[in-house]
>>> print(open('final.cif').read())   # mmCIF, C-alpha atoms
data_coords
loop_
_atom_site.label_atom_id
_atom_site.label_comp_id
_atom_site.auth_asym_id
_atom_site.auth_seq_id
_atom_site.Cartn_x
_atom_site.Cartn_y
_atom_site.Cartn_z
CA MET Z 1 0.00 0.00 0.00
CA PHE Z 2 2.87 2.34 0.86
CA GLU Z 3 4.45 1.73 -2.55
CA VAL Z 4 1.16 2.51 -4.30
CA GLU Z 5 0.65 5.71 -2.27
CA GLY Z 6 4.25 6.73 -2.91
CA SER Z 7 3.79 6.11 -6.61
CA VAL Z 8 0.63 8.23 -6.63
CA LYS Z 9 2.40 11.02 -4.78
CA TYR Z 10 5.21 11.05 -7.30
CA ARG Z 11 2.70 11.08 -10.17
CA ILE Z 12 0.87 14.04 -8.61
CA LEU Z 13 4.16 15.85 -8.10
CA ALA Z 14 5.14 15.20 -11.71
CA VAL Z 15 1.82 16.57 -12.95
CA VAL Z 16 2.22 19.73 -10.81
CA VAL Z 17 5.75 20.30 -12.13
CA LEU Z 18 4.57 19.75 -15.70
CA LEU Z 19 1.72 22.22 -15.29
CA LEU Z 20 3.99 24.84 -13.78
CA THR Z 21 6.71 24.55 -16.41
CA ALA Z 22 4.16 24.41 -19.23
CA SER Z 23 2.36 27.50 -17.99
CA PRO Z 24 3.02 30.51 -20.25
CA GLY Z 25 3.13 32.77 -17.20
CA PHE Z 26 5.84 30.64 -15.58
CA ALA Z 27 7.97 30.41 -18.71
CA GLN Z 28 7.69 34.10 -19.50
CA ALA Z 29 8.02 35.46 -15.95
CA PRO Z 30 11.43 37.13 -16.55
CA ALA Z 31 10.07 38.91 -19.65
CA ASN Z 32 7.00 40.12 -17.75
CA MET Z 33 8.86 42.09 -15.11
CA PRO Z 34 7.06 45.34 -14.25
CA PRO Z 35 8.29 48.47 -16.05
CA TYR Z 36 11.33 49.98 -14.37
CA THR Z 37 12.35 53.62 -14.34
CA PRO Z 38 16.03 53.95 -13.42
CA PRO Z 39 17.42 56.87 -11.40
CA LYS Z 40 18.98 59.74 -13.33
CA THR Z 41 22.45 61.23 -13.30
CA ALA Z 42 22.99 64.96 -12.75
CA ASP Z 43 22.75 65.55 -16.51
CA GLY Z 44 19.38 63.78 -16.72
CA HIS Z 45 20.42 60.47 -18.29
CA PRO Z 46 19.62 57.01 -16.88
CA ASP Z 47 22.13 56.04 -14.20
CA ILE Z 48 23.54 52.58 -14.91
CA GLN Z 49 26.73 53.08 -12.94
CA GLY Z 50 27.96 50.22 -10.79
CA ILE Z 51 29.88 46.96 -10.88
CA TRP Z 52 28.31 44.30 -13.09
CA GLN Z 53 29.00 40.70 -14.04
CA VAL Z 54 27.46 37.93 -16.13
CA LEU Z 55 26.34 34.61 -14.67
CA ASN Z 56 26.55 32.41 -17.74
CA THR Z 57 29.05 30.20 -19.56
CA ALA Z 58 29.36 32.21 -22.78
CA ALA Z 59 33.07 32.72 -22.11
CA TRP Z 60 33.51 29.05 -22.98
CA ASP Z 61 30.99 28.93 -25.84
CA VAL Z 62 28.32 31.45 -26.87
CA GLN Z 63 26.16 28.56 -28.12
CA ASP Z 64 24.52 25.74 -26.16
CA HIS Z 65 27.17 23.26 -25.05
CA GLY Z 66 27.62 20.23 -22.84
CA ALA Z 67 30.13 19.83 -20.06
CA ARG Z 68 33.60 18.41 -20.51
CA LEU Z 69 36.86 18.61 -18.64
CA GLY Z 70 37.38 22.23 -17.66
CA VAL Z 71 34.19 23.41 -19.37
CA PRO Z 72 30.87 23.80 -17.52
CA ALA Z 73 27.69 22.99 -19.41
CA GLY Z 74 25.58 25.95 -20.33
CA LYS Z 75 22.80 27.48 -22.35
CA GLY Z 76 23.97 29.76 -25.12
CA VAL Z 77 23.39 33.48 -25.50
CA VAL Z 78 22.92 33.41 -29.30
CA THR Z 79 19.37 34.09 -30.44
CA GLY Z 80 18.22 30.90 -32.16
CA ASN Z 81 21.52 29.22 -31.14
CA GLU Z 82 22.84 29.30 -34.73
CA LEU Z 83 25.76 31.31 -36.09
CA PRO Z 84 25.35 31.99 -39.84
CA TYR Z 85 28.91 31.26 -40.93
CA LYS Z 86 29.90 31.30 -44.55
CA PRO Z 87 31.14 27.79 -45.54
CA GLU Z 88 34.81 28.76 -45.69
CA ALA Z 89 34.51 30.68 -42.41
CA LEU Z 90 32.91 27.68 -40.69
CA ALA Z 91 35.92 25.59 -41.66
CA LYS Z 92 38.19 28.12 -39.96
CA LYS Z 93 35.97 28.16 -36.87
CA LYS Z 94 36.31 24.38 -36.58
CA GLU Z 95 40.09 24.64 -36.92
CA ASN Z 96 40.14 27.32 -34.24
CA GLU Z 97 38.17 25.08 -31.91
CA ALA Z 98 40.42 22.08 -32.54
CA LYS Z 99 43.56 24.15 -31.84
CA HIS Z 100 42.11 26.57 -29.28
CA ALA Z 101 44.80 25.84 -26.69
CA THR Z 102 47.37 27.64 -28.84
CA LEU Z 103 45.26 29.74 -31.23
CA ASP Z 104 42.87 31.37 -28.76
CA PRO Z 105 43.92 35.04 -28.31
CA GLU Z 106 43.11 34.66 -24.60
CA SER Z 107 45.98 32.17 -24.31
CA LYS Z 108 48.30 34.98 -25.46
CA CYS Z 109 46.82 37.48 -22.97
CA TYR Z 110 45.56 39.75 -25.75
CA LEU Z 111 42.83 42.22 -24.91
CA SER Z 112 39.56 40.34 -25.29
CA GLY Z 113 37.65 42.61 -27.65
CA VAL Z 114 33.93 43.28 -27.64
CA PRO Z 115 31.58 41.65 -26.75
CA ARG Z 116 33.79 38.82 -25.46
CA ILE Z 117 35.12 40.81 -22.52
CA THR Z 118 31.55 41.32 -21.27
CA PHE Z 119 30.95 37.56 -21.19
CA MET Z 120 34.18 36.70 -19.36
CA PRO Z 121 33.89 35.64 -15.67
CA PHE Z 122 35.29 38.93 -14.39
CA PRO Z 123 33.36 41.96 -13.10
CA PHE Z 124 33.45 45.36 -14.79
CA GLN Z 125 32.46 48.84 -13.69
CA ILE Z 126 30.45 51.45 -15.58
CA VAL Z 127 31.29 55.10 -14.81
CA GLN Z 128 29.29 57.83 -16.57
CA GLN Z 129 30.48 61.31 -17.52
CA ALA Z 130 28.70 64.00 -19.51
CA ASP Z 131 30.65 63.33 -22.72
CA LYS Z 132 31.43 59.62 -22.37
CA VAL Z 133 30.65 56.37 -20.63
CA ASN Z 134 33.70 54.57 -19.26
CA VAL Z 135 33.80 50.81 -18.79
CA LEU Z 136 36.56 49.55 -16.51
CA TYR Z 137 37.20 45.80 -16.75
CA GLU Z 138 38.95 43.70 -14.13
CA TYR Z 139 40.54 41.56 -16.86
CA ASN Z 140 43.95 43.05 -17.72
CA HIS Z 141 42.83 46.46 -16.37
CA THR Z 142 41.16 47.10 -19.71
CA ILE Z 143 39.56 50.54 -20.10
CA ARG Z 144 36.95 51.27 -22.75
CA GLN Z 145 35.58 54.71 -23.52
CA ILE Z 146 32.21 55.12 -25.22
CA TYR Z 147 31.99 58.65 -26.64
CA MET Z 148 28.61 60.34 -26.19
CA ASN Z 149 29.35 63.69 -27.88
CA GLY Z 150 27.68 62.85 -31.19
CA ASN Z 151 30.90 62.71 -33.20
CA PRO Z 152 31.09 59.97 -35.85
CA HIS Z 153 33.62 57.16 -36.05
CA PRO Z 154 37.00 58.29 -37.43
CA ALA Z 155 37.51 57.94 -41.18
CA GLY Z 156 39.15 54.82 -42.55
CA HIS Z 157 39.74 51.52 -40.81
CA ILE Z 158 41.86 51.47 -37.65
CA ASP Z 159 42.85 48.24 -35.90
CA TRP Z 160 41.91 48.54 -32.22
CA TRP Z 161 41.52 45.65 -29.81
CA MET Z 162 38.38 47.17 -28.28
CA GLY Z 163 37.17 49.00 -31.38
CA ASP Z 164 35.93 52.58 -31.58
CA SER Z 165 32.68 53.04 -29.65
CA ARG Z 166 30.07 55.79 -30.06
CA GLY Z 167 27.02 55.85 -27.81
CA ARG Z 168 23.60 57.48 -27.51
CA TRP Z 169 20.54 57.13 -25.30
CA ASP Z 170 17.36 55.58 -26.67
CA GLY Z 171 14.96 56.18 -23.79
CA ASN Z 172 16.47 54.27 -20.88
CA THR Z 173 18.72 52.17 -23.12
CA LEU Z 174 22.37 52.94 -23.78
CA VAL Z 175 22.99 52.10 -27.45
CA VAL Z 176 26.65 51.64 -28.44
CA ASP Z 177 27.84 51.41 -32.06
CA SER Z 178 31.38 50.01 -32.44
CA VAL Z 179 33.67 49.44 -35.45
CA ASP Z 180 37.42 49.46 -36.22
CA PHE Z 181 38.22 46.15 -34.56
CA SER Z 182 41.36 44.11 -34.95
CA GLU Z 183 40.65 40.66 -36.35
CA ASP Z 184 42.86 39.12 -33.64
CA THR Z 185 40.10 38.49 -31.08
CA TRP Z 186 37.45 35.79 -30.77
CA PHE Z 187 33.94 35.67 -29.33
CA ASP Z 188 34.67 32.73 -26.96
CA ARG Z 189 36.97 29.79 -26.25
CA ALA Z 190 35.11 27.62 -28.77
CA GLY Z 191 36.79 29.30 -31.74
CA ASN Z 192 33.93 31.56 -32.82
CA TYR Z 193 35.65 34.47 -34.50
CA HIS Z 194 35.26 37.57 -36.67
CA SER Z 195 37.22 39.64 -39.19
CA ASP Z 196 38.32 43.27 -39.17
CA ALA Z 197 34.95 44.11 -40.77
CA LEU Z 198 33.17 43.45 -37.46
CA HIS Z 199 30.41 45.94 -36.62
CA ILE Z 200 28.52 45.55 -33.38
CA VAL Z 201 25.61 47.36 -31.74
CA GLU Z 202 25.17 46.85 -27.99
CA ARG Z 203 22.11 47.81 -25.96
CA TYR Z 204 22.31 48.13 -22.17
CA THR Z 205 18.79 48.34 -20.71
CA PRO Z 206 18.12 48.60 -16.95
CA ILE Z 207 15.23 46.29 -16.05
CA SER Z 208 15.54 46.53 -12.24
CA PRO Z 209 17.89 48.19 -9.76
CA TYR Z 210 20.02 45.03 -9.94
CA HIS Z 211 19.80 43.88 -13.57
CA LEU Z 212 20.73 45.14 -17.03
CA ARG Z 213 19.57 43.38 -20.16
CA TYR Z 214 22.51 43.20 -22.56
CA ASP Z 215 21.63 42.76 -26.25
CA VAL Z 216 24.21 42.62 -29.04
CA THR Z 217 23.84 42.62 -32.83
CA ILE Z 218 26.81 41.23 -34.76
CA GLU Z 219 27.49 42.10 -38.38
CA ASP Z 220 30.54 40.89 -40.33
CA PRO Z 221 30.02 40.32 -44.07
CA LYS Z 222 33.44 38.67 -44.44
CA VAL Z 223 32.54 35.87 -42.02
CA PHE Z 224 28.74 35.66 -41.71
CA THR Z 225 25.91 35.52 -44.24
CA ARG Z 226 23.68 37.86 -42.19
CA PRO Z 227 23.61 39.80 -38.91
CA TRP Z 228 22.89 37.79 -35.76
CA ASN Z 229 22.12 38.54 -32.12
CA MET Z 230 23.11 37.66 -28.57
CA SER Z 231 21.32 38.50 -25.34
CA THR Z 232 21.95 37.96 -21.63
CA ILE Z 233 21.44 39.55 -18.21
CA LEU Z 234 24.10 41.51 -16.33
CA TYR Z 235 23.91 41.34 -12.53
CA ARG Z 236 24.84 44.17 -10.20
CA ARG Z 237 27.40 43.21 -7.57
CA ILE Z 238 25.99 44.45 -4.27
CA GLU Z 239 28.03 42.68 -1.60
CA PRO Z 240 29.73 44.98 0.94
CA ASN Z 241 33.03 46.55 -0.15
CA VAL Z 242 32.77 45.15 -3.67
CA GLU Z 243 35.44 46.54 -5.98
CA LEU Z 244 37.42 45.60 -9.05
CA LEU Z 245 40.52 43.67 -8.12
CA GLU Z 246 43.15 42.64 -10.64
CA TYR Z 247 43.86 40.00 -13.21
CA GLU Z 248 47.27 40.68 -14.78
CA CYS Z 249 47.45 38.00 -17.44
CA TYR Z 250 50.86 39.01 -18.84
CA ALA Z 251 52.42 39.08 -15.38
CA TYR Z 252 51.13 35.60 -14.60
CA GLN Z 253 52.52 34.27 -17.88
CA LEU Z 254 55.92 35.77 -17.08
CA GLU Z 255 55.82 34.20 -13.63
CA GLU Z 256 55.17 30.80 -15.15
CA SER Z 257 58.09 31.24 -17.56
CA TRP Z 258 60.65 32.11 -14.87
CA PRO Z 259 63.05 29.16 -14.43
CA ASN Z 260 63.44 29.59 -10.64
CA LYS Z 261 60.16 31.11 -9.56
#
>>> encode(input="final.cif", output="C-alpha cells")
Amino acid sequence: MFEVEGSVKYRILAVVVLLLTASPGFAQAPANMPPYTPPKTADGHPDIQGIWQVLNTAAWDVQDHGARLGVPAGKGVVTGNELPYKPEALAKKKENEAKHATLDPESKCYLSGVPRITFMPFPFQIVQQADKVNVLYEYNHTIRQIYMNGNPHPAGHIDWWMGDSRGRWDGNTLVVDSVDFSEDTWFDRAGNYHSDALHIVERYTPISPYHLRYDVTIEDPKVFTRPWNMSTILYRRIEPNVELLEYECYAYQLEESWPNK
C-alpha cells in the first residue's frame, strides 16, 4: 500500500511540475517584469553606474554546449543558437576550436575585444560622464571609452583591440555602435571568431535596480551571411566593499616562464 501511495504522490508531483513549467506565465516570468524607471544622473540620463558581471558560460561557448573537462555545461546566448557562418569561415571556426589551446587570443593574454570581454567571468564597472561612458574591466585592467558627444567614427579603418565606440541614449537604453576592430580576437573559447569588418551594436537596458539586459547585434560580411544577435542579463554586484581587483594575465605568464620562480 505504501508503494502505491508513494507512486501516486510522485505522479501528482510530476503533474504539478509539468503544469507549472508548461504554464506561459511561468515560462515568460522574466520577460514580464514590471516596467522599471532607473534613477537619473545629474545631466538627466539614466544612471547605470555600478559593478556588473554575467552569470553564464558564454566565455567558454556562446552557443549551447555540454560539459567536458574544464568546461561547464551551459545554455547559449545566441538568439536561435545558430551562427550563420559562410562555408569557408565555418571551416576556420572548426580549426580554431580544434587548436584553441594555442590559437585562442586569450591564451596569449591579448585584450579580449567586444563583446567577449563582457561575457568573461570577471566583473566590470560602468562610470558615466557628460561626454562619455567609461567601462573599466577587471581583466587586464582594460579601459573602454564610449563617446557620447555625437561625433562619428574616425575615417578609414583602424585596428583597435576594443574598437571605436560611439554611444547614444534611446529612452532608458544605452545604445553603443562600435567598429574598427582588430581581427585578432574571438567571441569565446570555442573558436567563434570575426574579421576586421566586425560591426557591433550593444544595448544596455536597466530592467531593475540590480539587472541590465545586454543585447548585441553582430554584423561581419566577411565571415557571416547575415547579422545575428546575442542577449543575456548583467547582474549588479551588491556585496559589501565590492570593488574591481586585478587580473594581470601578462604578469602571470611571465611568472610561469621564470626558471626559478
>>> closest_residue(input="final.cif", among="Z:Arg189, Z:Pro84, Z:Asn151, Z:Gln53", to="Thr102 in chain Z", atoms="only C-alpha atoms")
Z:Arg189
>>> closest_residue(input="final.cif", among="Z:Ala155, Z:Val175, Z:Ile51, Z:Ile207", to="Glu243 in chain Z", atoms="all atoms listed in the file")
Z:Ile51
>>> atom_distance(input="final.cif", atom1="CA of Glu255 in chain Z", atom2="CA of Pro123 in chain Z")
23.8 Å
>>> resolve_selection(input="final.cif", expression="the PyMOL selection byres ((chain Z and resi 178) around 7)", output="PyMOL selection string")
chain Z and resi 163-166+176-177+179+199-201
>>> residues_around(input="final.cif", residues="Arg237 in chain Z", least_positions_apart="4", cutoff="12 Å", atoms="all atoms listed in the file", output="list in words")
Gln49, Gly50, Ile51, Trp52, Gln53, Val54, Leu55, Phe122, Pro123, Phe124, Gln125, Ile126, Pro209, Tyr210, His211, Leu212, Asn241, Val242, Glu243 and Leu244 of chain Z
>>> atom_distance(input="final.cif", atom1="CA of Ala251 in chain Z", atom2="CA of Asp184 in chain Z")
20.6 Å
>>> resolve_selection(input="final.cif", expression="the PyMOL selection byres ((chain Z and resi 143) around 12)", output="number ranges by chain")
Z: 111-114, 117, 124-127, 133-142, 144-146, 161-163
>>> atom_distance(input="final.cif", atom1="CA of Ala73 in chain Z", atom2="CA of Asp104 in chain Z")
19.7 Å
>>> residues_around(input="final.cif", residues="Pro221 in chain Z", least_positions_apart="6", cutoff="10 Å", atoms="only C-alpha atoms", output="PDB file with C-alpha atoms, keeping the file's coordinate frame")
ATOM      1  CA  TYR Z  85      28.910  31.260 -40.930  1.00  0.00           C
ATOM      2  CA  LYS Z  86      29.900  31.300 -44.550  1.00  0.00           C
ATOM      3  CA  HIS Z 194      35.260  37.570 -36.670  1.00  0.00           C
ATOM      4  CA  SER Z 195      37.220  39.640 -39.190  1.00  0.00           C
ATOM      5  CA  ALA Z 197      34.950  44.110 -40.770  1.00  0.00           C
ATOM      6  CA  LEU Z 198      33.170  43.450 -37.460  1.00  0.00           C
ATOM      7  CA  HIS Z 199      30.410  45.940 -36.620  1.00  0.00           C
ATOM      8  CA  PRO Z 227      23.610  39.800 -38.910  1.00  0.00           C
TER       9      PRO Z 227
END
>>> closest_residue(input="final.cif", among="Z:Asn192, Z:Asn56, Z:Thr225, Z:Ser182", to="Phe119 in chain Z", atoms="all atoms listed in the file")
Z:Asn56
>>> closest_residue(input="final.cif", among="Z:Ile238, Z:Val78, Z:Val223, Z:Ile48", to="Leu90 in chain Z", atoms="all atoms listed in the file")
Z:Val223
>>> closest_residue(input="final.cif", among="Z:Tyr147, Z:Trp160, Z:Tyr193, Z:Phe181", to="His100 in chain Z", atoms="only C-alpha atoms")
Z:Tyr193
>>> resolve_selection(input="final.cif", expression="the PyMOL selection byres ((chain Z and resi 250) around 9)", output="list in words")
Lys108, Cys109, Tyr110, Asn140, Glu248, Cys249, Ala251, Tyr252, Gln253, Leu254 and Glu255 of chain Z
>>> build_atoms(input="final.cif", residues="range 68-79 of chain Z", atoms="all heavy atoms", output="tab-separated table (two decimals), in the coordinates of the input")
chain	number	residue	atom	x	y	z
Z	68	ARG	N	32.44	19.27	-20.31
Z	68	ARG	CA	33.60	18.41	-20.51
Z	68	ARG	C	34.69	18.92	-19.59
Z	68	ARG	O	34.50	19.91	-18.90
Z	68	ARG	CB	34.05	18.40	-21.97
Z	68	ARG	CG	34.41	19.75	-22.55
Z	68	ARG	CD	34.72	19.61	-24.05
Z	68	ARG	NE	35.17	20.87	-24.64
Z	68	ARG	CZ	34.37	21.84	-25.05
Z	68	ARG	NH1	33.05	21.69	-24.93
Z	68	ARG	NH2	34.86	22.93	-25.58
Z	69	LEU	N	35.81	18.25	-19.57
Z	69	LEU	CA	36.86	18.61	-18.64
Z	69	LEU	C	37.23	20.09	-18.76
Z	69	LEU	O	37.62	20.56	-19.82
Z	69	LEU	CB	38.11	17.75	-18.88
Z	69	LEU	CG	39.26	17.97	-17.90
Z	69	LEU	CD1	38.83	17.58	-16.48
Z	69	LEU	CD2	40.49	17.17	-18.32
Z	70	GLY	N	37.04	20.82	-17.67
Z	70	GLY	CA	37.38	22.23	-17.66
Z	70	GLY	C	36.34	23.15	-18.25
Z	70	GLY	O	36.55	24.37	-18.28
Z	71	VAL	N	35.23	22.59	-18.74
Z	71	VAL	CA	34.19	23.41	-19.37
Z	71	VAL	C	32.84	23.11	-18.73
Z	71	VAL	O	32.35	21.97	-18.84
Z	71	VAL	CB	34.11	23.15	-20.90
Z	71	VAL	CG1	33.00	24.00	-21.53
Z	71	VAL	CG2	35.44	23.42	-21.57
Z	72	PRO	N	32.20	24.06	-18.07
Z	72	PRO	CA	30.87	23.80	-17.52
Z	72	PRO	C	29.80	23.83	-18.61
Z	72	PRO	O	29.91	24.59	-19.58
Z	72	PRO	CB	30.67	24.98	-16.55
Z	72	PRO	CG	31.50	26.08	-17.12
Z	72	PRO	CD	32.69	25.43	-17.76
Z	73	ALA	N	28.80	22.97	-18.46
Z	73	ALA	CA	27.69	22.99	-19.41
Z	73	ALA	C	26.94	24.30	-19.29
Z	73	ALA	O	26.91	24.93	-18.24
Z	73	ALA	CB	26.75	21.81	-19.14
Z	74	GLY	N	26.32	24.70	-20.41
Z	74	GLY	CA	25.58	25.95	-20.33
Z	74	GLY	C	24.68	26.19	-21.51
Z	74	GLY	O	24.89	25.66	-22.61
Z	75	LYS	N	23.66	27.00	-21.28
Z	75	LYS	CA	22.80	27.48	-22.35
Z	75	LYS	C	23.50	28.63	-23.06
Z	75	LYS	O	24.19	29.43	-22.44
Z	75	LYS	CB	21.46	27.96	-21.79
Z	75	LYS	CG	20.60	26.86	-21.20
Z	75	LYS	CD	20.04	25.96	-22.28
Z	75	LYS	CE	19.05	24.95	-21.71
Z	75	LYS	NZ	18.50	24.08	-22.78
Z	76	GLY	N	23.31	28.71	-24.36
Z	76	GLY	CA	23.97	29.76	-25.12
Z	76	GLY	C	23.28	31.10	-24.98
Z	76	GLY	O	22.19	31.22	-24.42
Z	77	VAL	N	23.94	32.13	-25.51
Z	77	VAL	CA	23.39	33.48	-25.50
Z	77	VAL	C	23.02	33.94	-26.91
Z	77	VAL	O	22.55	35.06	-27.10
Z	77	VAL	CB	24.39	34.48	-24.87
Z	77	VAL	CG1	24.61	34.16	-23.41
Z	77	VAL	CG2	25.71	34.52	-25.63
Z	78	VAL	N	23.22	33.07	-27.91
Z	78	VAL	CA	22.92	33.41	-29.30
Z	78	VAL	C	21.44	33.19	-29.57
Z	78	VAL	O	20.89	32.12	-29.30
Z	78	VAL	CB	23.75	32.55	-30.27
Z	78	VAL	CG1	23.39	32.85	-31.72
Z	78	VAL	CG2	25.24	32.77	-30.03
Z	79	THR	N	20.79	34.21	-30.09
Z	79	THR	CA	19.37	34.09	-30.44
Z	79	THR	C	19.19	33.02	-31.51
Z	79	THR	O	19.79	33.10	-32.59
Z	79	THR	CB	18.82	35.43	-30.95
Z	79	THR	OG1	19.04	36.44	-29.95
Z	79	THR	CG2	17.33	35.33	-31.26
